[in-house]
Amino acid sequence: MKTLIVCVSEHHGNTKKIADAMAAVLDARVSHPDDVNVEELGDYDLIGLGSGIAFGKHYKRLLEFVDALPALHAKTFVFSTRGASHGASHHAALKSKLAEKGLTVVGEFSCRGFDTYGPMKLIGGIAKGRPNEQDLRDAQKFAESLEKG
């Protein structure tokens with residue numbers, strides 16, 4: 001299964017760590033949206049899309065990338081890292097955009113990530129040490145489930 005993971009990872013590299021853990025299982029390429037040739041996306045069987053979460057949504061750059069996608073018939077998965085303790089509910093905007101493009105979401109993954117954005121910086125950040133080894137193992141298990149499914 002040919003897989004591409006499109007990832008926007010700002011600030012601490014949290015999301016890139018998760019993307020790399022998944023990529024190791026899926027033998028996937030990890031790319032920033034600016035480095036993806038959208039004309040080649042049809043060559044992929046599975047496309048992962050992920051970023052950190054800001055103000056309850058994936059980063060704007062990832063959402064803009066999805067807005068610019070042509071109609072595709074690939075399976076997708078979404079993922080994120082976030083400072084807050086709740087997560088998958090933040091995937092709604094991205095999943096909605098993917099559905100509008102006719103893409104099928106076959107899974108989603110989220111874990112905490114070290115966050116020093118805005119007022120969090122004043123207290124030294126939250127979710128220190130995240131993603132941790134368990135988060136990376138969980139991301140790999142998630143990727144294994146995609147590979148089987």
# chains A, B, ... in the order shown; residues from 1 in each chain; ligands from 1
>>> residues_around(residues="stretch 145-149 of chain A", least_positions_apart="6", cutoff="9 Å", atoms="only C-alpha atoms", output="ChimeraX atom specification")
/A:1,25-26,46,77,106-107
>>> write_last_selection(atoms="C-alpha atoms", output="PDB file, in the first residue's frame")
ATOM      1  CA  MET A   1       0.000   0.000   0.000  1.00  0.00           C
ATOM      2  CA  VAL A  25       5.128   1.140  10.176  1.00  0.00           C
ATOM      3  CA  LEU A  26       3.481   2.139   6.894  1.00  0.00           C
ATOM      4  CA  LEU A  46      -3.619   5.959   1.681  1.00  0.00           C
ATOM      5  CA  PHE A  77      -6.643   9.096   8.009  1.00  0.00           C
ATOM      6  CA  VAL A 106     -10.633   5.229   7.620  1.00  0.00           C
ATOM      7  CA  GLY A 107      -9.267   6.199  11.029  1.00  0.00           C
TER       8      GLY A 107
END
>>> select_by_dssp(residues="stretch 29-108 of chain A", states="alpha helix (DSSP H)", output="VMD selection string")
chain A and resid 60 to 67 92 to 100
>>> write_last_selection(atoms="all heavy atoms", output="short mmCIF file (atom, residue, chain, number, x, y, z; two decimals), in the first residue's frame")
data_model
loop_
_atom_site.label_atom_id
_atom_site.label_comp_id
_atom_site.auth_asym_id
_atom_site.auth_seq_id
_atom_site.Cartn_x
_atom_site.Cartn_y
_atom_site.Cartn_z
N LYS A 60 -4.14 25.94 10.27
CA LYS A 60 -4.71 26.57 9.07
C LYS A 60 -4.02 26.07 7.80
O LYS A 60 -4.68 25.85 6.79
CB LYS A 60 -4.59 28.09 9.19
CG LYS A 60 -5.20 28.84 8.05
CD LYS A 60 -5.06 30.34 8.26
CE LYS A 60 -5.63 31.09 7.07
NZ LYS A 60 -5.47 32.53 7.21
N ARG A 61 -2.71 25.89 7.82
CA ARG A 61 -2.00 25.48 6.60
C ARG A 61 -2.48 24.12 6.11
O ARG A 61 -2.60 23.90 4.90
CB ARG A 61 -0.48 25.47 6.85
CG ARG A 61 0.33 25.06 5.63
CD ARG A 61 0.12 26.05 4.46
NE ARG A 61 0.60 25.52 3.22
CZ ARG A 61 -0.16 25.04 2.22
NH1 ARG A 61 -1.48 25.05 2.32
NH2 ARG A 61 0.38 24.57 1.13
N LEU A 62 -2.77 23.21 7.03
CA LEU A 62 -3.26 21.89 6.63
C LEU A 62 -4.67 22.00 6.05
O LEU A 62 -4.98 21.39 5.03
CB LEU A 62 -3.23 20.91 7.79
CG LEU A 62 -3.61 19.48 7.43
CD1 LEU A 62 -2.53 18.85 6.55
CD2 LEU A 62 -3.82 18.64 8.67
N LEU A 63 -5.51 22.80 6.67
CA LEU A 63 -6.88 22.98 6.18
C LEU A 63 -6.88 23.63 4.80
O LEU A 63 -7.67 23.25 3.92
CB LEU A 63 -7.70 23.79 7.18
CG LEU A 63 -7.90 23.14 8.55
CD1 LEU A 63 -8.59 24.11 9.51
CD2 LEU A 63 -8.66 21.84 8.45
N GLU A 64 -5.99 24.58 4.57
CA GLU A 64 -5.86 25.21 3.25
C GLU A 64 -5.40 24.19 2.21
O GLU A 64 -5.88 24.21 1.06
CB GLU A 64 -4.86 26.37 3.30
CG GLU A 64 -5.33 27.55 4.08
CD GLU A 64 -4.25 28.60 4.31
OE1 GLU A 64 -3.04 28.30 4.14
OE2 GLU A 64 -4.62 29.73 4.66
N PHE A 65 -4.49 23.31 2.59
CA PHE A 65 -4.02 22.26 1.69
C PHE A 65 -5.20 21.38 1.25
O PHE A 65 -5.36 21.10 0.06
CB PHE A 65 -2.95 21.42 2.40
CG PHE A 65 -2.51 20.22 1.62
CD1 PHE A 65 -1.63 20.33 0.56
CD2 PHE A 65 -2.98 18.95 1.95
CE1 PHE A 65 -1.23 19.22 -0.16
CE2 PHE A 65 -2.59 17.83 1.24
CZ PHE A 65 -1.70 17.97 0.17
N VAL A 66 -6.03 20.98 2.19
CA VAL A 66 -7.17 20.13 1.87
C VAL A 66 -8.17 20.89 0.99
O VAL A 66 -8.72 20.33 0.04
CB VAL A 66 -7.84 19.59 3.15
CG1 VAL A 66 -9.14 18.87 2.84
CG2 VAL A 66 -6.87 18.67 3.89
N ASP A 67 -8.37 22.18 1.26
CA ASP A 67 -9.27 22.98 0.42
C ASP A 67 -8.82 22.99 -1.04
O ASP A 67 -9.65 23.04 -1.95
CB ASP A 67 -9.34 24.42 0.92
CG ASP A 67 -10.18 24.58 2.17
OD1 ASP A 67 -11.01 23.70 2.46
OD2 ASP A 67 -9.99 25.60 2.88
N ALA A 92 -13.17 17.33 13.58
CA ALA A 92 -14.42 17.51 12.82
C ALA A 92 -14.26 18.39 11.59
O ALA A 92 -14.73 18.05 10.50
CB ALA A 92 -15.52 18.07 13.73
N ALA A 93 -13.59 19.53 11.71
CA ALA A 93 -13.45 20.44 10.57
C ALA A 93 -12.66 19.78 9.44
O ALA A 93 -13.04 19.88 8.26
CB ALA A 93 -12.78 21.74 11.00
N LEU A 94 -11.58 19.09 9.77
CA LEU A 94 -10.77 18.42 8.75
C LEU A 94 -11.55 17.28 8.11
O LEU A 94 -11.57 17.14 6.88
CB LEU A 94 -9.46 17.91 9.35
CG LEU A 94 -8.53 17.15 8.41
CD1 LEU A 94 -8.17 17.98 7.18
CD2 LEU A 94 -7.28 16.70 9.15
N LYS A 95 -12.22 16.49 8.92
CA LYS A 95 -13.00 15.38 8.37
C LYS A 95 -14.11 15.88 7.45
O LYS A 95 -14.40 15.27 6.42
CB LYS A 95 -13.56 14.52 9.50
CG LYS A 95 -12.48 13.70 10.19
CD LYS A 95 -12.92 13.02 11.46
CE LYS A 95 -14.21 12.28 11.40
NZ LYS A 95 -14.56 11.61 12.67
N SER A 96 -14.72 16.99 7.80
CA SER A 96 -15.77 17.57 6.98
C SER A 96 -15.22 18.00 5.62
O SER A 96 -15.82 17.74 4.58
CB SER A 96 -16.40 18.75 7.70
OG SER A 96 -17.34 19.39 6.89
N LYS A 97 -14.06 18.63 5.64
CA LYS A 97 -13.43 19.06 4.38
C LYS A 97 -13.06 17.86 3.51
O LYS A 97 -13.22 17.90 2.29
CB LYS A 97 -12.18 19.89 4.67
CG LYS A 97 -12.48 21.29 5.19
CD LYS A 97 -11.21 22.04 5.49
CE LYS A 97 -11.49 23.44 5.99
NZ LYS A 97 -12.08 24.32 4.98
N LEU A 98 -12.57 16.79 4.13
CA LEU A 98 -12.22 15.59 3.38
C LEU A 98 -13.47 14.96 2.76
O LEU A 98 -13.45 14.52 1.61
CB LEU A 98 -11.49 14.59 4.27
CG LEU A 98 -10.10 15.04 4.72
CD1 LEU A 98 -9.56 14.12 5.81
CD2 LEU A 98 -9.14 15.10 3.54
N ALA A 99 -14.55 14.93 3.51
CA ALA A 99 -15.81 14.39 2.99
C ALA A 99 -16.30 15.20 1.80
O ALA A 99 -16.79 14.64 0.81
CB ALA A 99 -16.86 14.35 4.09
N GLU A 100 -16.15 16.52 1.87
CA GLU A 100 -16.55 17.39 0.75
C GLU A 100 -15.78 17.06 -0.52
O GLU A 100 -16.27 17.25 -1.63
CB GLU A 100 -16.35 18.86 1.12
CG GLU A 100 -17.32 19.39 2.13
CD GLU A 100 -16.94 20.78 2.63
OE1 GLU A 100 -16.04 21.43 2.04
OE2 GLU A 100 -17.55 21.23 3.62
#
>>> atom_distance(atom1="atom CA of A:His91", atom2="atom CA of A:Tyr44")
21.9 Å
>>> closest_residue(among="A:Gly42, A:Pro33, A:Pro131, A:Gly13", to="A:Lys75", atoms="only C-alpha atoms")
A:Gly42
>>> residues_around(residues="A:Leu4", least_positions_apart="4", cutoff="6 Å", atoms="only C-alpha atoms", output="number ranges by chain")
A: 28-29, 47
>>> closest_residue(among="A:Leu136, A:Asp43, A:Gly50, A:Asp34", to="A:Val6", atoms="only C-alpha atoms")
A:Gly50
>>> select_by_dssp(residues="stretch 3-61 of chain A", states="strand (DSSP E)", output="VMD selection string")
chain A and resid 3 to 8 29 to 31 46 to 54 57 to 58
>>> atom_distance(atom1="atom CA of A:Ala54", atom2="atom CA of A:Arg82")
7.8 Å
>>> residues_around(residues="stretch 16-19 of chain A", least_positions_apart="2", cutoff="8 Å", atoms="only C-alpha atoms", output="PyMOL selection string")
chain A and resi 5+7-9+13-14+21-23+30+50+131+135-136+139
>>> atom_distance(atom1="atom CA of A:His32", atom2="atom CA of A:Asp45")
18.3 Å
>>> closest_residue(among="A:Gln140, A:Ser110, A:Ser80, A:Asn132", to="A:Ile53", atoms="only C-alpha atoms")
A:Ser80
